[in-house]
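Structure file entry00.cif; described as mmCIF, C-alpha atoms.
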```
data_structure
loop_
_atom_site.group_PDB
_atom_site.id
_atom_site.type_symbol
_atom_site.label_atom_id
_atom_site.label_comp_id
_atom_site.auth_asym_id
_atom_site.auth_seq_id
_atom_site.Cartn_x
_atom_site.Cartn_y
_atom_site.Cartn_z
ATOM 1 C CA MET A 296 78.275 -230.341 -100.112
ATOM 2 C CA ALA A 297 75.207 -230.079 -102.263
ATOM 3 C CA ILE A 298 73.733 -233.066 -100.551
ATOM 4 C CA GLU A 299 74.292 -231.519 -97.202
ATOM 5 C CA THR A 300 72.588 -228.336 -98.259
ATOM 6 C CA ASP A 301 69.676 -230.307 -99.676
ATOM 7 C CA GLN A 302 69.446 -232.237 -96.490
ATOM 8 C CA LYS A 303 69.624 -229.057 -94.493
ATOM 9 C CA SER A 304 67.004 -227.365 -96.582
ATOM 10 C CA SER A 305 64.730 -230.355 -96.341
ATOM 11 C CA SER A 306 65.289 -230.586 -92.644
ATOM 12 C CA ASP A 307 64.729 -226.854 -92.285
ATOM 13 C CA GLY A 308 61.506 -227.222 -94.186
ATOM 14 C CA LYS A 309 60.380 -229.903 -91.841
ATOM 15 C CA VAL A 310 61.213 -227.753 -88.853
ATOM 16 C CA TRP A 311 59.323 -224.741 -90.151
ATOM 17 C CA GLY A 312 56.501 -227.035 -91.137
ATOM 18 C CA LEU A 313 56.282 -228.230 -87.581
ATOM 19 C CA PHE A 314 56.147 -224.658 -86.373
ATOM 20 C CA LYS A 315 53.606 -223.600 -88.984
ATOM 21 C CA LEU A 316 51.213 -226.405 -88.210
ATOM 22 C CA PRO A 317 50.338 -225.290 -84.679
ATOM 23 C CA PHE A 318 49.970 -221.713 -85.783
ATOM 24 C CA ARG A 319 47.466 -222.712 -88.431
ATOM 25 C CA GLN A 320 45.477 -224.706 -85.912
ATOM 26 C CA THR A 321 45.626 -221.856 -83.459
ATOM 27 C CA GLY A 322 44.348 -219.523 -86.098
ATOM 28 C CA ASN A 323 41.390 -221.792 -86.733
ATOM 29 C CA THR A 324 40.623 -222.160 -83.059
ATOM 30 C CA THR A 325 40.888 -218.445 -82.461
ATOM 31 C CA SER A 326 38.552 -217.784 -85.347
ATOM 32 C CA THR A 327 35.988 -220.209 -83.965
ATOM 33 C CA THR A 328 36.300 -218.851 -80.433
ATOM 34 C CA SER A 329 36.092 -215.307 -81.739
ATOM 35 C CA SER A 330 32.941 -216.160 -83.675
ATOM 36 C CA SER A 331 31.388 -217.833 -80.631
ATOM 37 C CA SER A 332 32.365 -214.965 -78.383
ATOM 38 C CA ALA A 333 30.943 -212.551 -80.914
ATOM 39 C CA GLN A 334 27.602 -214.306 -80.587
ATOM 40 C CA THR A 335 27.572 -214.041 -76.786
ATOM 41 C CA GLN A 336 29.132 -210.563 -76.675
ATOM 42 C CA PRO A 337 25.916 -208.567 -77.246
ATOM 43 C CA HIS A 338 24.226 -210.285 -74.328
ATOM 44 C CA LEU A 339 27.203 -209.709 -72.047
ATOM 45 C CA GLU A 340 27.561 -206.126 -73.160
ATOM 46 C CA GLY A 341 23.871 -205.484 -72.477
ATOM 47 C CA SER A 342 24.002 -206.982 -69.006
ATOM 48 C CA ASN A 343 27.226 -205.169 -68.183
ATOM 49 C CA HIS A 344 25.770 -201.891 -69.411
ATOM 50 C CA HIS A 345 22.650 -202.390 -67.275
ATOM 51 C CA ALA A 346 24.704 -203.251 -64.194
ATOM 52 C CA SER A 347 27.031 -200.317 -64.721
ATOM 53 C CA ALA A 348 24.068 -197.968 -65.185
ATOM 54 C CA ASN A 349 22.552 -199.146 -61.904
ATOM 55 C CA SER A 350 25.830 -198.757 -60.071
ATOM 56 C CA VAL A 351 26.342 -195.269 -61.484
ATOM 57 C CA SER A 352 22.815 -194.204 -60.505
ATOM 58 C CA SER A 353 23.244 -195.558 -56.981
ATOM 59 C CA VAL A 354 26.563 -193.761 -56.592
ATOM 60 C CA ALA A 355 25.039 -190.552 -57.938
ATOM 61 C CA LYS A 356 22.159 -190.773 -55.473
ATOM 62 C CA SER A 357 24.567 -191.295 -52.592
ATOM 63 C CA LEU A 358 26.589 -188.251 -53.636
ATOM 64 C CA LEU A 359 23.551 -185.980 -53.922
ATOM 65 C CA PRO A 360 22.810 -183.949 -50.770
ATOM 66 C CA THR A 361 19.708 -184.872 -48.834
ATOM 67 C CA ARG A 362 16.845 -182.522 -49.567
ATOM 68 C CA ARG A 363 16.008 -180.734 -46.358
ATOM 69 C CA ARG A 364 12.481 -180.169 -45.185
ATOM 70 C CA LEU A 365 13.265 -177.458 -42.638
ATOM 71 C CA LYS A 366 14.951 -174.077 -42.760
ATOM 72 C CA LEU A 367 16.757 -172.991 -39.593
ATOM 73 C CA ASP A 368 17.653 -169.495 -38.470
ATOM 74 C CA PRO A 369 20.479 -169.439 -37.332
ATOM 75 C CA ALA A 370 21.475 -172.139 -39.788
ATOM 76 C CA ASN A 371 24.099 -174.132 -37.861
ATOM 77 C CA LYS A 372 24.759 -172.417 -34.525
ATOM 78 C CA LEU A 373 23.054 -171.756 -31.215
ATOM 79 C CA TYR A 374 24.093 -168.493 -29.591
ATOM 80 C CA PHE A 375 24.064 -168.274 -25.793
ATOM 81 C CA PRO A 376 24.988 -165.347 -23.571
ATOM 82 C CA TYR A 377 27.993 -166.358 -21.517
ATOM 83 C CA GLU A 378 26.940 -166.150 -17.855
ATOM 84 C CA PRO A 379 28.797 -168.800 -15.795
ATOM 85 C CA GLY A 380 26.788 -170.461 -13.068
ATOM 86 C CA LYS A 381 23.446 -169.484 -14.635
ATOM 87 C CA GLN A 382 20.884 -171.015 -16.908
ATOM 88 C CA VAL A 383 20.808 -169.112 -20.186
ATOM 89 C CA ARG A 384 18.630 -169.317 -23.267
ATOM 90 C CA SER A 385 19.035 -169.481 -27.006
ATOM 91 C CA ALA A 386 16.482 -169.547 -29.815
ATOM 92 C CA VAL A 387 16.173 -170.932 -33.313
ATOM 93 C CA ARG A 388 13.424 -170.354 -35.853
ATOM 94 C CA ILE A 389 12.287 -173.531 -37.597
ATOM 95 C CA LYS A 390 10.263 -173.291 -40.816
ATOM 96 C CA ASN A 391 8.754 -176.114 -42.820
ATOM 97 C CA THR A 392 9.786 -175.463 -46.422
ATOM 98 C CA SER A 393 8.387 -178.732 -47.803
ATOM 99 C CA LYS A 394 4.965 -179.370 -49.317
ATOM 100 C CA SER A 395 3.906 -181.861 -46.664
ATOM 101 C CA TYR A 396 3.373 -181.912 -42.926
ATOM 102 C CA THR A 397 6.705 -182.410 -41.188
ATOM 103 C CA ALA A 398 7.595 -183.408 -37.644
ATOM 104 C CA PHE A 399 10.830 -182.253 -36.053
ATOM 105 C CA LYS A 400 12.659 -183.408 -32.975
ATOM 106 C CA PHE A 401 15.560 -182.108 -30.875
ATOM 107 C CA GLN A 402 18.395 -184.192 -29.501
ATOM 108 C CA THR A 403 21.387 -183.090 -27.431
ATOM 109 C CA THR A 404 24.617 -184.591 -26.175
ATOM 110 C CA ALA A 405 23.961 -183.108 -22.710
ATOM 111 C CA PRO A 406 20.360 -183.935 -21.727
ATOM 112 C CA LYS A 407 21.061 -183.283 -18.021
ATOM 113 C CA SER A 408 22.112 -179.649 -18.476
ATOM 114 C CA CYS A 409 20.095 -178.734 -21.589
ATOM 115 C CA PHE A 410 16.492 -178.953 -22.652
ATOM 116 C CA MET A 411 14.348 -177.588 -25.459
ATOM 117 C CA ARG A 412 10.901 -176.024 -25.569
ATOM 118 C CA PRO A 413 9.179 -177.496 -27.451
ATOM 119 C CA PRO A 414 11.276 -180.658 -27.804
ATOM 120 C CA GLY A 415 9.391 -181.443 -30.995
ATOM 121 C CA ALA A 416 6.302 -180.538 -32.987
ATOM 122 C CA ILE A 417 4.495 -181.007 -36.291
ATOM 123 C CA LEU A 418 4.537 -178.117 -38.744
ATOM 124 C CA ALA A 419 2.181 -177.569 -41.643
ATOM 125 C CA PRO A 420 3.665 -176.579 -45.021
ATOM 126 C CA GLY A 421 5.045 -173.048 -44.687
ATOM 127 C CA GLU A 422 4.489 -172.937 -40.915
ATOM 128 C CA SER A 423 7.271 -171.753 -38.622
ATOM 129 C CA ILE A 424 7.979 -171.806 -34.907
ATOM 130 C CA ILE A 425 10.630 -170.359 -32.607
ATOM 131 C CA ALA A 426 12.095 -173.021 -30.334
ATOM 132 C CA THR A 427 13.821 -172.005 -27.115
ATOM 133 C CA VAL A 428 16.885 -173.884 -25.883
ATOM 134 C CA PHE A 429 17.940 -173.767 -22.225
ATOM 135 C CA LYS A 430 21.497 -174.474 -21.096
ATOM 136 C CA PHE A 431 23.380 -174.286 -17.818
ATOM 137 C CA VAL A 432 26.772 -172.589 -18.236
ATOM 138 C CA GLU A 433 29.585 -174.178 -16.261
ATOM 139 C CA GLN A 434 32.221 -172.188 -14.447
ATOM 140 C CA PRO A 435 35.542 -171.803 -16.320
ATOM 141 C CA GLU A 436 38.254 -174.321 -15.474
ATOM 142 C CA ASN A 437 42.070 -174.148 -15.347
ATOM 143 C CA ASN A 438 42.066 -170.350 -15.157
ATOM 144 C CA GLU A 439 40.732 -170.078 -18.691
ATOM 145 C CA LYS A 440 39.361 -166.815 -19.910
ATOM 146 C CA PRO A 441 35.582 -166.889 -20.012
ATOM 147 C CA MET A 442 35.135 -166.363 -23.752
ATOM 148 C CA ASP A 443 37.955 -168.767 -24.655
ATOM 149 C CA GLN A 444 35.917 -171.720 -23.430
ATOM 150 C CA LYS A 445 34.546 -173.979 -26.130
ATOM 151 C CA SER A 446 31.459 -175.988 -25.375
ATOM 152 C CA LYS A 447 31.389 -179.587 -26.522
ATOM 153 C CA VAL A 448 27.612 -179.681 -26.331
ATOM 154 C CA LYS A 449 25.859 -180.202 -29.650
ATOM 155 C CA PHE A 450 22.237 -180.245 -30.713
ATOM 156 C CA LYS A 451 20.732 -182.271 -33.524
ATOM 157 C CA ILE A 452 17.484 -181.491 -35.307
ATOM 158 C CA MET A 453 15.770 -184.344 -37.137
ATOM 159 C CA SER A 454 12.750 -184.283 -39.417
ATOM 160 C CA LEU A 455 10.116 -186.773 -40.494
ATOM 161 C CA LYS A 456 7.415 -186.515 -43.148
ATOM 162 C CA VAL A 457 3.955 -187.270 -41.760
ATOM 163 C CA LYS A 458 0.637 -187.856 -43.492
ATOM 164 C CA GLY A 459 -1.220 -184.860 -42.117
ATOM 165 C CA PRO A 460 -2.144 -182.876 -39.023
ATOM 166 C CA MET A 461 -1.834 -185.027 -35.934
ATOM 167 C CA GLU A 462 -0.698 -184.883 -32.340
ATOM 168 C CA TYR A 463 3.061 -184.934 -31.924
ATOM 169 C CA VAL A 464 4.528 -187.857 -30.001
ATOM 170 C CA PRO A 465 8.268 -188.706 -29.874
ATOM 171 C CA GLU A 466 7.490 -192.321 -30.744
ATOM 172 C CA LEU A 467 6.867 -191.242 -34.342
ATOM 173 C CA PHE A 468 10.613 -191.140 -34.905
ATOM 174 C CA ASP A 469 11.097 -194.596 -33.392
ATOM 175 C CA GLU A 470 8.385 -196.176 -35.513
ATOM 176 C CA GLN A 471 9.736 -194.779 -38.806
ATOM 177 C CA LYS A 472 13.493 -194.751 -38.346
ATOM 178 C CA ASP A 473 14.160 -195.343 -42.047
ATOM 179 C CA GLN A 474 12.326 -192.146 -42.998
ATOM 180 C CA VAL A 475 14.051 -189.875 -40.457
ATOM 181 C CA ALA A 476 16.421 -187.251 -41.878
ATOM 182 C CA ILE A 477 19.070 -185.328 -39.962
ATOM 183 C CA GLU A 478 18.461 -181.690 -40.784
ATOM 184 C CA GLN A 479 21.355 -180.054 -38.987
ATOM 185 C CA ILE A 480 23.796 -180.379 -36.121
ATOM 186 C CA LEU A 481 24.029 -177.120 -34.187
ATOM 187 C CA ARG A 482 27.081 -176.194 -32.186
ATOM 188 C CA VAL A 483 27.124 -173.835 -29.216
ATOM 189 C CA VAL A 484 28.619 -170.346 -29.521
ATOM 190 C CA PHE A 485 28.935 -168.072 -26.485
ATOM 191 C CA LEU A 486 28.361 -164.329 -26.724
ATOM 192 C CA ASP A 487 29.530 -161.667 -24.320
ATOM 193 C CA PRO A 488 26.329 -160.078 -22.966
ATOM 194 C CA LYS A 489 28.241 -156.855 -22.212
ATOM 195 C CA ARG A 490 29.347 -156.368 -25.801
ATOM 196 C CA PRO A 491 26.497 -155.659 -28.222
ATOM 197 C CA CYS A 492 26.710 -157.385 -31.583
ATOM 198 C CA PRO A 493 24.243 -158.287 -34.368
ATOM 199 C CA ALA A 494 24.018 -161.920 -33.226
ATOM 200 C CA LEU A 495 23.164 -160.880 -29.664
ATOM 201 C CA GLU A 496 20.533 -158.381 -30.793
ATOM 202 C CA LYS A 497 18.943 -160.981 -33.069
ATOM 203 C CA LEU A 498 18.892 -163.478 -30.200
ATOM 204 C CA LYS A 499 17.060 -160.985 -27.987
ATOM 205 C CA ARG A 500 14.418 -160.411 -30.677
ATOM 206 C CA GLN A 501 13.873 -164.118 -31.203
ATOM 207 C CA LEU A 502 13.555 -164.751 -27.461
ATOM 208 C CA ALA A 503 11.004 -161.942 -27.180
ATOM 209 C CA ASP A 504 8.990 -163.429 -30.063
ATOM 210 C CA ALA A 505 9.174 -166.876 -28.471
ATOM 211 C CA ASP A 506 7.932 -165.540 -25.114
ATOM 212 C CA ALA A 507 5.067 -163.713 -26.806
ATOM 213 C CA ALA A 508 4.037 -166.890 -28.621
ATOM 214 C CA VAL A 509 4.063 -168.853 -25.349
ATOM 215 C CA GLU A 510 1.872 -166.248 -23.632
ATOM 216 C CA ALA A 511 -0.519 -166.240 -26.555
ATOM 217 C CA ARG A 512 -0.942 -170.003 -26.283
ATOM 218 C CA LYS A 513 -1.661 -169.720 -22.570
ATOM 219 C CA LYS A 514 -4.625 -167.407 -23.111
ATOM 220 C CA PRO A 515 -7.993 -169.189 -23.277
ATOM 221 C CA PRO A 516 -9.831 -168.912 -26.572
ATOM 222 C CA GLU A 517 -12.055 -165.879 -26.775
ATOM 223 C CA ASP A 518 -15.693 -166.632 -26.028
ATOM 224 C CA ALA A 519 -18.019 -165.675 -28.811
ATOM 225 C CA GLY A 520 -20.504 -164.472 -26.189
ATOM 226 C CA PRO A 521 -23.969 -163.232 -26.980
ATOM 227 C CA ARG A 522 -24.753 -162.158 -30.504
ATOM 228 C CA ILE A 523 -24.936 -158.412 -31.051
ATOM 229 C CA ILE A 524 -27.283 -157.050 -33.657
ATOM 230 C CA GLY A 525 -27.463 -153.419 -34.612
ATOM 231 C CA GLU A 526 -26.106 -150.893 -32.142
ATOM 232 C CA GLY A 527 -25.746 -152.445 -28.713
ATOM 233 C CA LEU A 528 -28.828 -154.686 -28.934
ATOM 234 C CA VAL A 529 -27.916 -157.868 -27.051
ATOM 235 C CA ILE A 530 -29.956 -160.967 -27.718
ATOM 236 C CA ASP A 531 -29.854 -163.556 -24.997
ATOM 237 C CA GLU A 532 -31.655 -166.629 -26.265
ATOM 238 C CA TRP A 533 -32.132 -168.131 -22.801
ATOM 239 C CA LYS A 534 -33.682 -164.884 -21.563
ATOM 240 C CA GLU A 535 -35.978 -164.728 -24.558
ATOM 241 C CA ARG A 536 -37.191 -168.263 -24.028
ATOM 242 C CA ARG A 537 -37.860 -167.559 -20.318
ATOM 243 C CA GLU A 538 -39.784 -164.402 -21.074
ATOM 244 C CA ARG A 539 -41.937 -166.262 -23.597
ATOM 245 C CA TYR A 540 -42.620 -169.003 -21.082
ATOM 246 C CA LEU A 541 -43.657 -166.524 -18.394
ATOM 247 C CA ALA A 542 -45.883 -164.684 -20.846
ATOM 248 C CA ARG A 543 -47.535 -167.943 -21.844
ATOM 249 C CA GLN A 544 -48.155 -168.791 -18.175
ATOM 250 C CA GLN A 545 -49.793 -165.440 -17.569
ATOM 251 C CA ILE A 546 -52.090 -165.865 -20.564
ATOM 252 C CA GLU A 547 -53.124 -169.350 -19.433
ATOM 253 C CA GLY A 548 -53.796 -168.054 -15.909
ATOM 254 C CA VAL A 549 -56.055 -165.281 -17.223
ATOM 255 C CA ASP A 550 -57.972 -167.675 -19.428
ATOM 256 C CA SER A 551 -58.554 -170.123 -16.587
ATOM 257 C CA ALA A 552 -59.817 -167.335 -14.343
#
```

As structure tokens:
Amino acid sequence: MAIETDQKSSSDGKVWGLFKLPFRQTGNTTSTTSSSSAQTQPHLEGSNHHASANSVSSVAKSLLPTRRRLKLDPANKLYFPYEPGKQVRSAVRIKNTSKSYTAFKFQTTAPKSCFMRPPGAILAPGESIIATVFKFVEQPENNEKPMDQKSKVKFKIMSLKVKGPMEYVPELFDEQKDQVAIEQILRVVFLDPKRPCPALEKLKRQLADADAAVEARKKPPEDAGPRIIGEGLVIDEWKERRERYLARQQIEGVDSA
């Protein structure tokens, strides 16, 4: 019995020795791999940190709202009086709130029944303009009530930063597509012309201001005219030169005689 136990114990020792040997080797290998990984870890951590910082900054930039160059009034709607079968008008005030010259351009989903005046322009910093929008109102369909109709027509206002004062041409937006920003998409809202409301009254004031601005641009520039000195004394340079010439001729005629 004692021999059997000794044999068992010796055999058990061999078995555990076999199991211990790999674990010791594994411990050595893990220590060497850990030391080698520790040497390369700072470089990997630095590169990962740089990549993560770039990705975070790019995501943050994409989440930030685009800084607008223009301020619109109304901000996101175009009010039209509802008069079926007629061409009606709306108005929107556009102001350049940036520090640079900015071009704007209108686009619509219904170019055959809508148009804008002006369709685009270049505004100096702080300059504003009232744009007029024309639209033909369709007759109601399927026995719908007039004011229950919802127009699917939309208008888009785009902006583009330009170098300075220049003549507006629509091709500016085609040449610099990457720099074009969508300022706002305006949807159509109909108003009952027989029911006064603040939006309708504001629309009438804006249309009146827009018409006055158009008439002012039609007028020719005022001529400076002759210079006035003192009280009512008009100096006509051409007349003065002629009078001097005639006087000189008379003096020469007298001398020759």

**Contacts of region 479-483 of chain A within 6 Å, all atoms listed in the file, excl. fewer than 6 positions in-chain, as a ChimeraX atom specification** = /A:371-373,449-452

Take the selection from the previous step and output its residues with C-alpha atoms, as a compact mmCIF listing (two decimals), keeping the file's coordinate frame.
```txt
# COMPACT_ATOMS: atom_id res chain seq x y z
CA ASN A 371 24.10 -174.13 -37.86
CA LYS A 372 24.76 -172.42 -34.52
CA LEU A 373 23.05 -171.76 -31.22
CA LYS A 449 25.86 -180.20 -29.65
CA PHE A 450 22.24 -180.24 -30.71
CA LYS A 451 20.73 -182.27 -33.52
CA ILE A 452 17.48 -181.49 -35.31
```

**Request:** Apply the PyMOL selection byres ((chain A and resi 497) around 12) to the structure shown and report the selected residues as a ChimeraX atom specification.
**Result:** /A:368-369,373-375,385-388,486,491-496,498-504

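Counting all atoms listed in the file and comparing A:Ser423, A:Thr392, A:Gln382, A:Ser446, the residue that lies closest to Thr404 (chain A) is A:Ser446.
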
Within 10 Å of Ser395 (chain A) using only C-alpha atoms, minus same-chain residues under 5 positions, as a compact mmCIF listing (two decimals) with C-alpha atoms, keeping the file's coordinate frame:
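File produced: out.txt:
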```
# COMPACT_ATOMS: atom_id res chain seq x y z
CA ARG A 364 12.48 -180.17 -45.18
CA LEU A 418 4.54 -178.12 -38.74
CA ALA A 419 2.18 -177.57 -41.64
CA PRO A 420 3.66 -176.58 -45.02
CA GLY A 421 5.04 -173.05 -44.69
CA LYS A 456 7.42 -186.52 -43.15
CA VAL A 457 3.96 -187.27 -41.76
CA LYS A 458 0.64 -187.86 -43.49
CA GLY A 459 -1.22 -184.86 -42.12
CA PRO A 460 -2.14 -182.88 -39.02
```

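Atom pair CA of Asn391 (chain A) / CA of Pro406 (chain A) has a distance of 25.3 Å (rounded to one decimal).
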
**Prompt:** Counting all atoms listed in the file, which of A:Ala416, A:Pro435, A:Leu367, A:Ile425 gets nearest to Phe468 (chain A)?
**Reply:**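 The closest residue to Phe468 (chain A) is A:Ala416.
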
**Prompt:** In Å, how far is it from CA of Val475 (chain A) to CA of Thr427 (chain A)?
**Reply:**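 Going from CA of Val475 (chain A) over to CA of Thr427 (chain A), I get 22.3 Å.
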
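Using all atoms listed in the file, the set of residues no farther than 12 Å from the position (14.9, -182.4, -27.8) comprises Phe399, Lys400, Phe401, Gln402, Thr403, Thr404, Ala405, Pro406, Lys407, Cys409, Phe410, Met411, Arg412, Pro413, Pro414, Gly415, Ala416, Ala426, Thr427, Val428, Phe429, Lys449, Phe450, Lys451, Ile452, Met453, Ser454, Val464 and Pro465 of chain A.
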
Restricted to C-alpha atoms, what would the selected residues look like written as a tab-separated table (two decimals), in the frame of the given file?
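Once written, out_15.tsv looks like this:
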```tsv
chain	number	residue	atom	x	y	z
A	399	PHE	CA	10.83	-182.25	-36.05
A	400	LYS	CA	12.66	-183.41	-32.98
A	401	PHE	CA	15.56	-182.11	-30.88
A	402	GLN	CA	18.40	-184.19	-29.50
A	403	THR	CA	21.39	-183.09	-27.43
A	404	THR	CA	24.62	-184.59	-26.18
A	405	ALA	CA	23.96	-183.11	-22.71
A	406	PRO	CA	20.36	-183.94	-21.73
A	407	LYS	CA	21.06	-183.28	-18.02
A	409	CYS	CA	20.10	-178.73	-21.59
A	410	PHE	CA	16.49	-178.95	-22.65
A	411	MET	CA	14.35	-177.59	-25.46
A	412	ARG	CA	10.90	-176.02	-25.57
A	413	PRO	CA	9.18	-177.50	-27.45
A	414	PRO	CA	11.28	-180.66	-27.80
A	415	GLY	CA	9.39	-181.44	-31.00
A	416	ALA	CA	6.30	-180.54	-32.99
A	426	ALA	CA	12.10	-173.02	-30.33
A	427	THR	CA	13.82	-172.00	-27.12
A	428	VAL	CA	16.89	-173.88	-25.88
A	429	PHE	CA	17.94	-173.77	-22.22
A	449	LYS	CA	25.86	-180.20	-29.65
A	450	PHE	CA	22.24	-180.24	-30.71
A	451	LYS	CA	20.73	-182.27	-33.52
A	452	ILE	CA	17.48	-181.49	-35.31
A	453	MET	CA	15.77	-184.34	-37.14
A	454	SER	CA	12.75	-184.28	-39.42
A	464	VAL	CA	4.53	-187.86	-30.00
A	465	PRO	CA	8.27	-188.71	-29.87
```

**Request:** Report the distance between CA of Ala370 (chain A) and CA of Ile389 (chain A) in Å, rounded to one decimal place.
**Result:**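 According to the coordinates, CA of Ala370 (chain A) and CA of Ile389 (chain A) are separated by 9.5 Å.
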